[in-house]
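*Asks:* As input, take data_31.pdb (PDB, C-alpha atoms):
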```pdb
ATOM      1  CA  MET C  17      16.523  14.156  -4.906
ATOM      2  CA  MET C  18      15.353  16.951  -2.622
ATOM      3  CA  GLU C  19      17.117  16.960   0.718
ATOM      4  CA  GLU C  20      15.327  18.240   3.808
ATOM      5  CA  LYS C  21      16.075  21.900   4.527
ATOM      6  CA  ALA C  22      17.421  23.606   7.641
ATOM      7  CA  GLY C  23      20.381  21.515   8.722
ATOM      8  CA  GLU C  24      20.542  17.837   9.419
ATOM      9  CA  THR C  25      17.369  15.838   9.782
ATOM     10  CA  ALA C  26      16.521  12.467  11.236
ATOM     11  CA  LEU C  27      13.523  10.316  10.462
ATOM     12  CA  ILE C  28      12.182   8.275  13.375
ATOM     13  CA  LEU C  29      10.044   5.518  11.965
ATOM     14  CA  LEU C  30       7.449   3.895  14.226
ATOM     15  CA  GLY C  31       5.386   0.811  13.569
ATOM     16  CA  CYS C  32       2.737  -0.735  15.773
ATOM     17  CA  PRO C  33       2.833   0.895  19.249
ATOM     18  CA  GLN C  34       1.791  -2.236  21.141
ATOM     19  CA  VAL C  35       5.053  -2.371  23.131
ATOM     20  CA  PRO C  36       4.838   0.429  25.729
ATOM     21  CA  VAL C  37       8.448   1.623  25.616
ATOM     22  CA  GLN C  38       8.171   2.697  21.986
ATOM     23  CA  THR C  39       6.261   5.948  22.535
ATOM     24  CA  SER C  40       8.336   7.063  25.494
ATOM     25  CA  VAL C  41      11.676   6.274  23.872
ATOM     26  CA  ALA C  42      10.666   7.785  20.528
ATOM     27  CA  LEU C  43       9.868  11.080  22.279
ATOM     28  CA  TYR C  44      13.171  10.906  24.138
ATOM     29  CA  CYS C  45      15.047  10.124  20.933
ATOM     30  CA  ALA C  46      13.447  13.151  19.238
ATOM     31  CA  TYR C  47      14.371  15.317  22.232
ATOM     32  CA  MET C  48      17.996  14.131  22.177
ATOM     33  CA  LEU C  49      18.284  14.721  18.452
ATOM     34  CA  GLN C  50      17.011  18.279  18.901
ATOM     35  CA  GLN C  51      19.501  18.809  21.712
ATOM     36  CA  ASN C  52      22.232  17.904  19.224
ATOM     37  CA  GLY C  53      20.976  20.202  16.476
ATOM     38  CA  ILE C  54      19.247  17.555  14.382
ATOM     39  CA  ARG C  55      15.631  18.099  13.364
ATOM     40  CA  PRO C  56      13.450  15.049  14.104
ATOM     41  CA  ILE C  57      10.629  13.934  11.859
ATOM     42  CA  ILE C  58       8.497  11.127  13.225
ATOM     43  CA  ALA C  59       6.584   8.891  10.833
ATOM     44  CA  GLY C  60       4.209   6.345  12.251
ATOM     45  CA  THR C  61       0.952   4.511  12.042
ATOM     46  CA  THR C  62      -2.143   6.454  13.067
ATOM     47  CA  ALA C  63      -2.110   4.926  16.551
ATOM     48  CA  ALA C  64       1.607   5.598  17.035
ATOM     49  CA  ARG C  65       1.116   9.239  16.018
ATOM     50  CA  LYS C  66      -1.956   9.733  18.219
ATOM     51  CA  LEU C  67      -0.032   8.487  21.260
ATOM     52  CA  LEU C  68       2.618  11.113  20.577
ATOM     53  CA  GLU C  69       0.114  13.883  19.824
ATOM     54  CA  VAL C  70      -1.594  13.311  23.171
ATOM     55  CA  ALA C  71       1.674  13.053  25.090
ATOM     56  CA  ASP C  72       3.212  16.148  23.493
ATOM     57  CA  PRO C  73       0.359  18.383  22.279
ATOM     58  CA  GLU C  74       2.549  21.416  21.626
ATOM     59  CA  ARG C  75       5.262  19.358  19.910
ATOM     60  CA  HIS C  76       8.003  20.396  22.290
ATOM     61  CA  TYR C  77       9.715  17.063  21.722
ATOM     62  CA  ALA C  78       8.009  15.157  18.927
ATOM     63  CA  GLY C  79       8.885  17.587  16.143
ATOM     64  CA  THR C  80       7.064  16.935  12.886
ATOM     65  CA  LEU C  81       4.610  14.024  12.817
ATOM     66  CA  GLU C  82       3.825  12.365   9.496
ATOM     67  CA  ASP C  83       1.954   9.370   8.140
ATOM     68  CA  LEU C  84       4.116   6.267   7.728
ATOM     69  CA  ASP C  85       2.864   5.184   4.308
ATOM     70  CA  THR C  86       2.942   8.727   2.910
ATOM     71  CA  VAL C  87       6.565   9.132   3.967
ATOM     72  CA  ILE C  88       7.552   5.766   2.480
ATOM     73  CA  GLY C  89       5.885   6.831  -0.760
ATOM     74  CA  GLU C  90       7.833  10.105  -0.853
ATOM     75  CA  PHE C  91      11.114   8.272  -0.308
ATOM     76  CA  ALA C  92      10.201   5.698  -2.967
ATOM     77  CA  GLU C  93       9.426   8.489  -5.420
ATOM     78  CA  LYS C  94      12.726  10.196  -4.503
ATOM     79  CA  LYS C  95      10.990  13.360  -3.353
ATOM     80  CA  ARG C  96      12.921  13.531  -0.100
ATOM     81  CA  ASP C  97      15.735  12.082   1.983
ATOM     82  CA  VAL C  98      17.222  12.595   5.452
ATOM     83  CA  ASP C  99      20.633  12.309   7.108
ATOM     84  CA  TYR C 100      19.731   9.736   9.756
ATOM     85  CA  CYS C 101      16.966   7.185  10.067
ATOM     86  CA  PHE C 102      15.957   5.437  13.290
ATOM     87  CA  VAL C 103      13.583   2.528  12.802
ATOM     88  CA  PHE C 104      11.897   1.102  15.894
ATOM     89  CA  ALA C 105      11.402  -2.624  15.344
ATOM     90  CA  HIS C 106       9.885  -5.159  17.716
ATOM     91  CA  ASN C 107       8.419  -7.468  15.086
ATOM     92  CA  ASP C 108       8.849  -8.660  11.526
ATOM     93  CA  SER C 109       6.970  -5.661  10.111
ATOM     94  CA  GLY C 110       9.477  -3.326  11.747
ATOM     95  CA  ILE C 111      12.297  -5.145   9.967
ATOM     96  CA  ALA C 112      10.374  -4.942   6.698
ATOM     97  CA  TYR C 113      10.193  -1.159   7.080
ATOM     98  CA  ALA C 114      13.855  -0.942   8.061
ATOM     99  CA  GLY C 115      14.855  -2.985   4.986
ATOM    100  CA  THR C 116      12.751  -0.687   2.849
ATOM    101  CA  MET C 117      14.494   2.381   4.237
ATOM    102  CA  ALA C 118      17.900   0.757   3.733
ATOM    103  CA  TYR C 119      17.009   0.495   0.067
ATOM    104  CA  LEU C 120      15.264   3.847  -0.402
ATOM    105  CA  SER C 121      17.385   6.234   1.643
ATOM    106  CA  LYS C 122      20.991   7.368   1.797
ATOM    107  CA  ALA C 123      20.544   8.050   5.513
ATOM    108  CA  ARG C 124      22.706   6.411   8.126
ATOM    109  CA  LEU C 125      20.316   3.731   9.332
ATOM    110  CA  TYR C 126      19.881   2.673  12.964
ATOM    111  CA  VAL C 127      17.518  -0.206  13.712
ATOM    112  CA  LEU C 128      16.391  -0.098  17.332
ATOM    113  CA  LEU C 129      15.391  -3.647  18.263
ATOM    114  CA  PHE C 130      13.319  -3.955  21.404
ATOM    115  CA  GLY C 131      10.490  -5.973  22.929
ATOM    116  CA  GLU C 132      10.524  -9.414  24.489
ATOM    117  CA  HIS C 133      12.700 -11.199  21.905
ATOM    118  CA  PRO C 134      14.754  -8.594  20.045
ATOM    119  CA  GLU C 135      17.503 -11.049  19.033
ATOM    120  CA  GLU C 136      14.968 -13.232  17.215
ATOM    121  CA  VAL C 137      13.593 -10.202  15.403
ATOM    122  CA  ALA C 138      17.130  -9.134  14.474
ATOM    123  CA  ALA C 139      17.777 -12.467  12.759
ATOM    124  CA  ALA C 140      15.797 -11.269   9.730
ATOM    125  CA  ILE C 141      18.165  -8.322   9.126
ATOM    126  CA  THR C 142      20.187  -8.921   5.969
ATOM    127  CA  PHE C 143      20.869  -5.319   4.993
ATOM    128  CA  PRO C 144      23.494  -2.798   6.121
ATOM    129  CA  CYS C 145      22.539  -0.898   9.267
ATOM    130  CA  GLU C 146      23.598  -0.187  12.824
ATOM    131  CA  GLN C 147      21.726  -2.556  15.138
ATOM    132  CA  VAL C 148      20.838  -1.470  18.670
ATOM    133  CA  THR C 149      19.324  -4.359  20.605
ATOM    134  CA  VAL C 150      17.626  -4.004  23.984
ATOM    135  CA  LYS C 151      15.272  -6.417  25.703
ATOM    136  CA  ALA C 152      12.669  -3.897  26.856
ATOM    137  CA  THR C 153       8.886  -3.850  26.992
ATOM    138  CA  HIS C 154       7.692  -1.757  29.958
ATOM    139  CA  ASN C 155      10.758  -0.151  31.481
ATOM    140  CA  PRO C 156      12.230   2.457  29.129
ATOM    141  CA  MET C 157      15.470   2.964  31.056
ATOM    142  CA  PRO C 158      17.641   0.292  29.347
ATOM    143  CA  MET C 159      16.593   1.668  25.981
ATOM    144  CA  LYS C 160      17.154   5.255  27.114
ATOM    145  CA  LYS C 161      20.745   4.331  27.964
ATOM    146  CA  LYS C 162      21.244   2.889  24.479
ATOM    147  CA  ILE C 163      19.685   5.970  22.877
ATOM    148  CA  ASP C 164      22.118   8.134  24.838
ATOM    149  CA  GLU C 165      25.020   6.086  23.411
ATOM    150  CA  VAL C 166      23.668   6.177  19.881
ATOM    151  CA  ILE C 167      23.055   9.921  19.890
ATOM    152  CA  ARG C 168      26.568  10.408  21.229
ATOM    153  CA  TRP C 169      27.894   8.471  18.214
ATOM    154  CA  VAL C 170      25.702  10.524  15.900
ATOM    155  CA  ALA C 171      26.843  13.798  17.462
ATOM    156  CA  ALA C 172      30.486  12.700  17.281
ATOM    157  CA  SER C 173      30.137  11.760  13.616
ATOM    158  CA  LYS C 174      28.889  15.274  12.836
ATOM    159  CA  GLN C 175      32.175  16.843  13.925
TER     160      GLN C 175
ATOM    161  CA  MET P  18     -11.043  -3.404  -4.504
ATOM    162  CA  LYS P  19     -11.369  -6.327  -2.097
ATOM    163  CA  PRO P  20      -8.318  -8.602  -2.267
ATOM    164  CA  ASP P  21      -8.330 -12.349  -1.852
ATOM    165  CA  ILE P  22      -6.014 -13.130   1.046
ATOM    166  CA  LEU P  23      -3.815 -16.111   0.227
ATOM    167  CA  LEU P  24      -1.644 -15.977   3.349
ATOM    168  CA  SER P  25      -2.307 -14.071   6.597
ATOM    169  CA  ARG P  26      -0.080 -12.530   9.252
ATOM    170  CA  CYS P  27       3.115 -14.129   8.011
ATOM    171  CA  SER P  28       6.666 -12.774   7.849
ATOM    172  CA  PHE P  29       7.955 -10.979   4.765
ATOM    173  CA  MET P  30      10.233 -13.979   4.150
ATOM    174  CA  GLU P  31       7.300 -16.402   4.312
ATOM    175  CA  ALA P  32       5.456 -14.196   1.829
ATOM    176  CA  ARG P  33       8.463 -14.320  -0.512
ATOM    177  CA  GLU P  34       8.675 -18.119  -0.248
ATOM    178  CA  TYR P  35       4.935 -18.487  -0.834
ATOM    179  CA  VAL P  36       5.053 -16.530  -4.086
ATOM    180  CA  LYS P  37       8.224 -18.318  -5.196
ATOM    181  CA  LYS P  38       6.732 -21.751  -4.489
ATOM    182  CA  HIS P  39       3.157 -21.299  -5.650
ATOM    183  CA  ILE P  40       3.188 -18.721  -8.439
ATOM    184  CA  ARG P  41       5.108 -19.901 -11.476
ATOM    185  CA  GLU P  42       5.317 -16.450 -13.110
ATOM    186  CA  HIS P  43       6.874 -14.025 -10.665
ATOM    187  CA  TYR P  44       9.072 -10.948 -10.802
ATOM    188  CA  GLU P  45      11.498  -9.281  -8.416
ATOM    189  CA  VAL P  46      10.628  -5.711  -7.485
ATOM    190  CA  GLU P  47      12.412  -3.215  -5.265
ATOM    191  CA  PRO P  48      11.132  -2.036  -1.854
ATOM    192  CA  GLY P  49       8.806   0.905  -2.421
ATOM    193  CA  TYR P  50       7.611  -0.469  -5.781
ATOM    194  CA  LYS P  51       4.153   0.987  -6.344
ATOM    195  CA  ILE P  52       1.426  -1.400  -7.338
ATOM    196  CA  PHE P  53      -2.024   0.192  -7.603
ATOM    197  CA  ASP P  54      -1.879   2.732  -4.759
ATOM    198  CA  VAL P  55       0.379   0.696  -2.468
ATOM    199  CA  HIS P  56       4.146   0.943  -1.982
ATOM    200  CA  LEU P  57       5.472  -2.533  -1.230
ATOM    201  CA  ILE P  58       7.454  -2.925   1.984
ATOM    202  CA  GLY P  59      10.108  -5.483   2.805
ATOM    203  CA  VAL P  60      13.671  -6.679   2.537
ATOM    204  CA  PRO P  61      14.772  -7.480  -1.033
ATOM    205  CA  PRO P  62      14.031  -9.510  -3.014
ATOM    206  CA  LEU P  63      10.309  -8.769  -3.018
ATOM    207  CA  LEU P  64       8.373 -11.038  -5.358
ATOM    208  CA  VAL P  65       5.188 -10.174  -7.228
ATOM    209  CA  GLY P  66       3.408 -12.958  -9.090
ATOM    210  CA  ILE P  67       1.024 -13.118 -12.022
ATOM    211  CA  ASP P  68      -1.634 -15.814 -12.143
ATOM    212  CA  GLY P  69      -3.976 -15.469 -15.101
ATOM    213  CA  ASP P  70      -5.523 -12.000 -14.877
ATOM    214  CA  ASP P  71      -4.490 -11.513 -11.245
ATOM    215  CA  VAL P  72      -1.420 -10.188  -9.485
ATOM    216  CA  ILE P  73      -0.207 -11.642  -6.192
ATOM    217  CA  PHE P  74       1.920  -9.520  -3.898
ATOM    218  CA  PRO P  75       2.989  -9.103  -0.234
ATOM    219  CA  TYR P  76       1.268  -6.360   1.745
ATOM    220  CA  THR P  77       2.702  -5.420   5.154
ATOM    221  CA  LYS P  78       0.618  -3.874   7.939
ATOM    222  CA  PRO P  79       2.706  -2.814  10.975
ATOM    223  CA  CYS P  80       0.289  -4.139  13.599
ATOM    224  CA  HIS P  81      -0.684  -7.313  11.785
ATOM    225  CA  GLY P  82       2.299  -8.607   9.817
ATOM    226  CA  THR P  83       2.491  -9.413   6.142
ATOM    227  CA  PHE P  84      -0.316 -10.742   3.964
ATOM    228  CA  VAL P  85      -0.091 -12.266   0.519
ATOM    229  CA  VAL P  86      -2.995 -10.867  -1.494
ATOM    230  CA  LYS P  87      -4.454 -11.488  -4.926
ATOM    231  CA  VAL P  88      -6.253  -8.800  -6.912
ATOM    232  CA  PRO P  89      -7.237  -8.315 -10.572
ATOM    233  CA  GLY P  90      -4.041  -7.162 -12.262
ATOM    234  CA  GLY P  91      -5.239  -4.736 -14.956
ATOM    235  CA  ASP P  92      -2.407  -2.621 -16.337
ATOM    236  CA  GLU P  93      -0.024  -3.803 -13.609
ATOM    237  CA  ILE P  94       0.503  -7.100 -15.435
ATOM    238  CA  ALA P  95       2.071  -5.513 -18.512
ATOM    239  CA  ARG P  96       4.200  -3.251 -16.298
ATOM    240  CA  LEU P  97       5.519  -6.274 -14.405
ATOM    241  CA  ARG P  98       6.195  -8.277 -17.548
ATOM    242  CA  ALA P  99       8.234  -5.405 -18.892
ATOM    243  CA  ARG P 100      10.722  -6.106 -16.067
ATOM    244  CA  ARG P 101      13.283  -8.883 -16.069
ATOM    245  CA  ARG P 102      12.097 -11.967 -14.259
TER     246      ARG P 102
END
```
Would it be possible to restate this file's structure as structure tokens?
*Replies:*
Amino acid sequence: MMEEKAGETALILLGCPQVPVQTSVALYCAYMLQQNGIRPIIAGTTAARKLLEVADPERHYAGTLEDLDTVIGEFAEKKRDVDYCFVFAHNDSGIAYAGTMAYLSKARLYVLLFGEHPEEVAAAITFPCEQVTVKATHNPMPMKKKIDEVIRWVAASKQ
Amino acid sequence: MKPDILLSRCSFMEAREYVKKHIREHYEVEPGYKIFDVHLIGVPPLLVGIDGDDVIFPYTKPCHGTFVVKVPGGDEIARLRARRR
């Protein structure tokens, strides 16, 4: 399997962007990864990507933006892998994508559960991963705090 | 190809149970299994059924949930039957 080049890489996987905190926190997560020497790749639905493209037109924070289904296909066909994978999940589809990545990738998998009822969404997780659960829909600050903790763990595990 | 939708906006687990309960001939596939031009998404086990000349499988759309769809199977049927049930 081809590994991504140029140091460690992290895939940030975004589903439906209907919960406002997702776009903001995904950009912040990408920024924090870059600050710690990890190259972010964001894969998302068309709407999720367009929100990021408009918010960060020169890609200062978002890094590489790719199509969700194309990326899943490349992982399924063993054409690529990454070191870390962050899946944003606020609904059942998010868990379906996280479970898919748990199967397809050797990456250390973090499932970021957010939205109105993240514990209920988490109940469908039956695969190995690190779960980060925050009740958050509009205010990104609780999730930002969790991202700070997670990236600290990631940075510490690199040493 | 326009699929028949057997179940709409369900969870991936409901899709699994639907295929298990309603489609006698079904096979376990891994996440990412490619059927036609679609990579299947979900938490294992993912079930794909065969009903006559059709295949029945779960299709997940991030904004809309999971659908169970039925389409003419073509060569996919032989490929599925070559797997262990």
*Asks:* Please identify all residues of chain P having at least one atom at most 6 Å from any atom of chain C, considering all atoms listed in the file, and return them as a ChimeraX atom specification.
*Replies:* /P:28,48-49,58-60,79-80,82
*Asks:* Counting all atoms listed in the file, what is within 9 Å of Gly53 in chain C, bar same-chain residues fewer than 6 positions away, as a ChimeraX atom specification?
*Replies:* /C:23-25,171
*Asks:* Could you turn the residues from that selection into a file that holds C-alpha atoms, as a PDB file, in the frame of the given file?
*Replies:*
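Contents of part-v1.pdb, freshly written:
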```pdb
ATOM      1  CA  GLY C  23      20.381  21.515   8.722  1.00  0.00           C
ATOM      2  CA  GLU C  24      20.542  17.837   9.419  1.00  0.00           C
ATOM      3  CA  THR C  25      17.369  15.838   9.782  1.00  0.00           C
ATOM      4  CA  ALA C 171      26.843  13.798  17.462  1.00  0.00           C
TER       5      ALA C 171
END
```
*Asks:* Using the chain letters and numbering of this document, enumerate as a PyMOL selection string the residues selected by the PyMOL selection byres ((chain P and resi 73) around 8).
*Replies:* chain P and resi 36+65-68+71-72+74-75+85-88
*Asks:* So what do you get for CA of Tyr50 in chain P versus CA of Ala26 in chain C, distance-wise?
*Replies:*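 Taking CA of Tyr50 in chain P and CA of Ala26 in chain C, their separation equals 23.2 Å.
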*Asks:* Could you state the separation of CA of Glu132 in chain C and CA of Val41 in chain C in Å, given to one decimal place?
*Replies:* 15.7 Å
*Asks:* Under the rule that all atoms listed in the file are counted, which of P:Glu31, P:Leu24, P:Leu97, P:Lys19 is the nearest residue to Glu47 in chain P?
*Replies:* P:Leu97
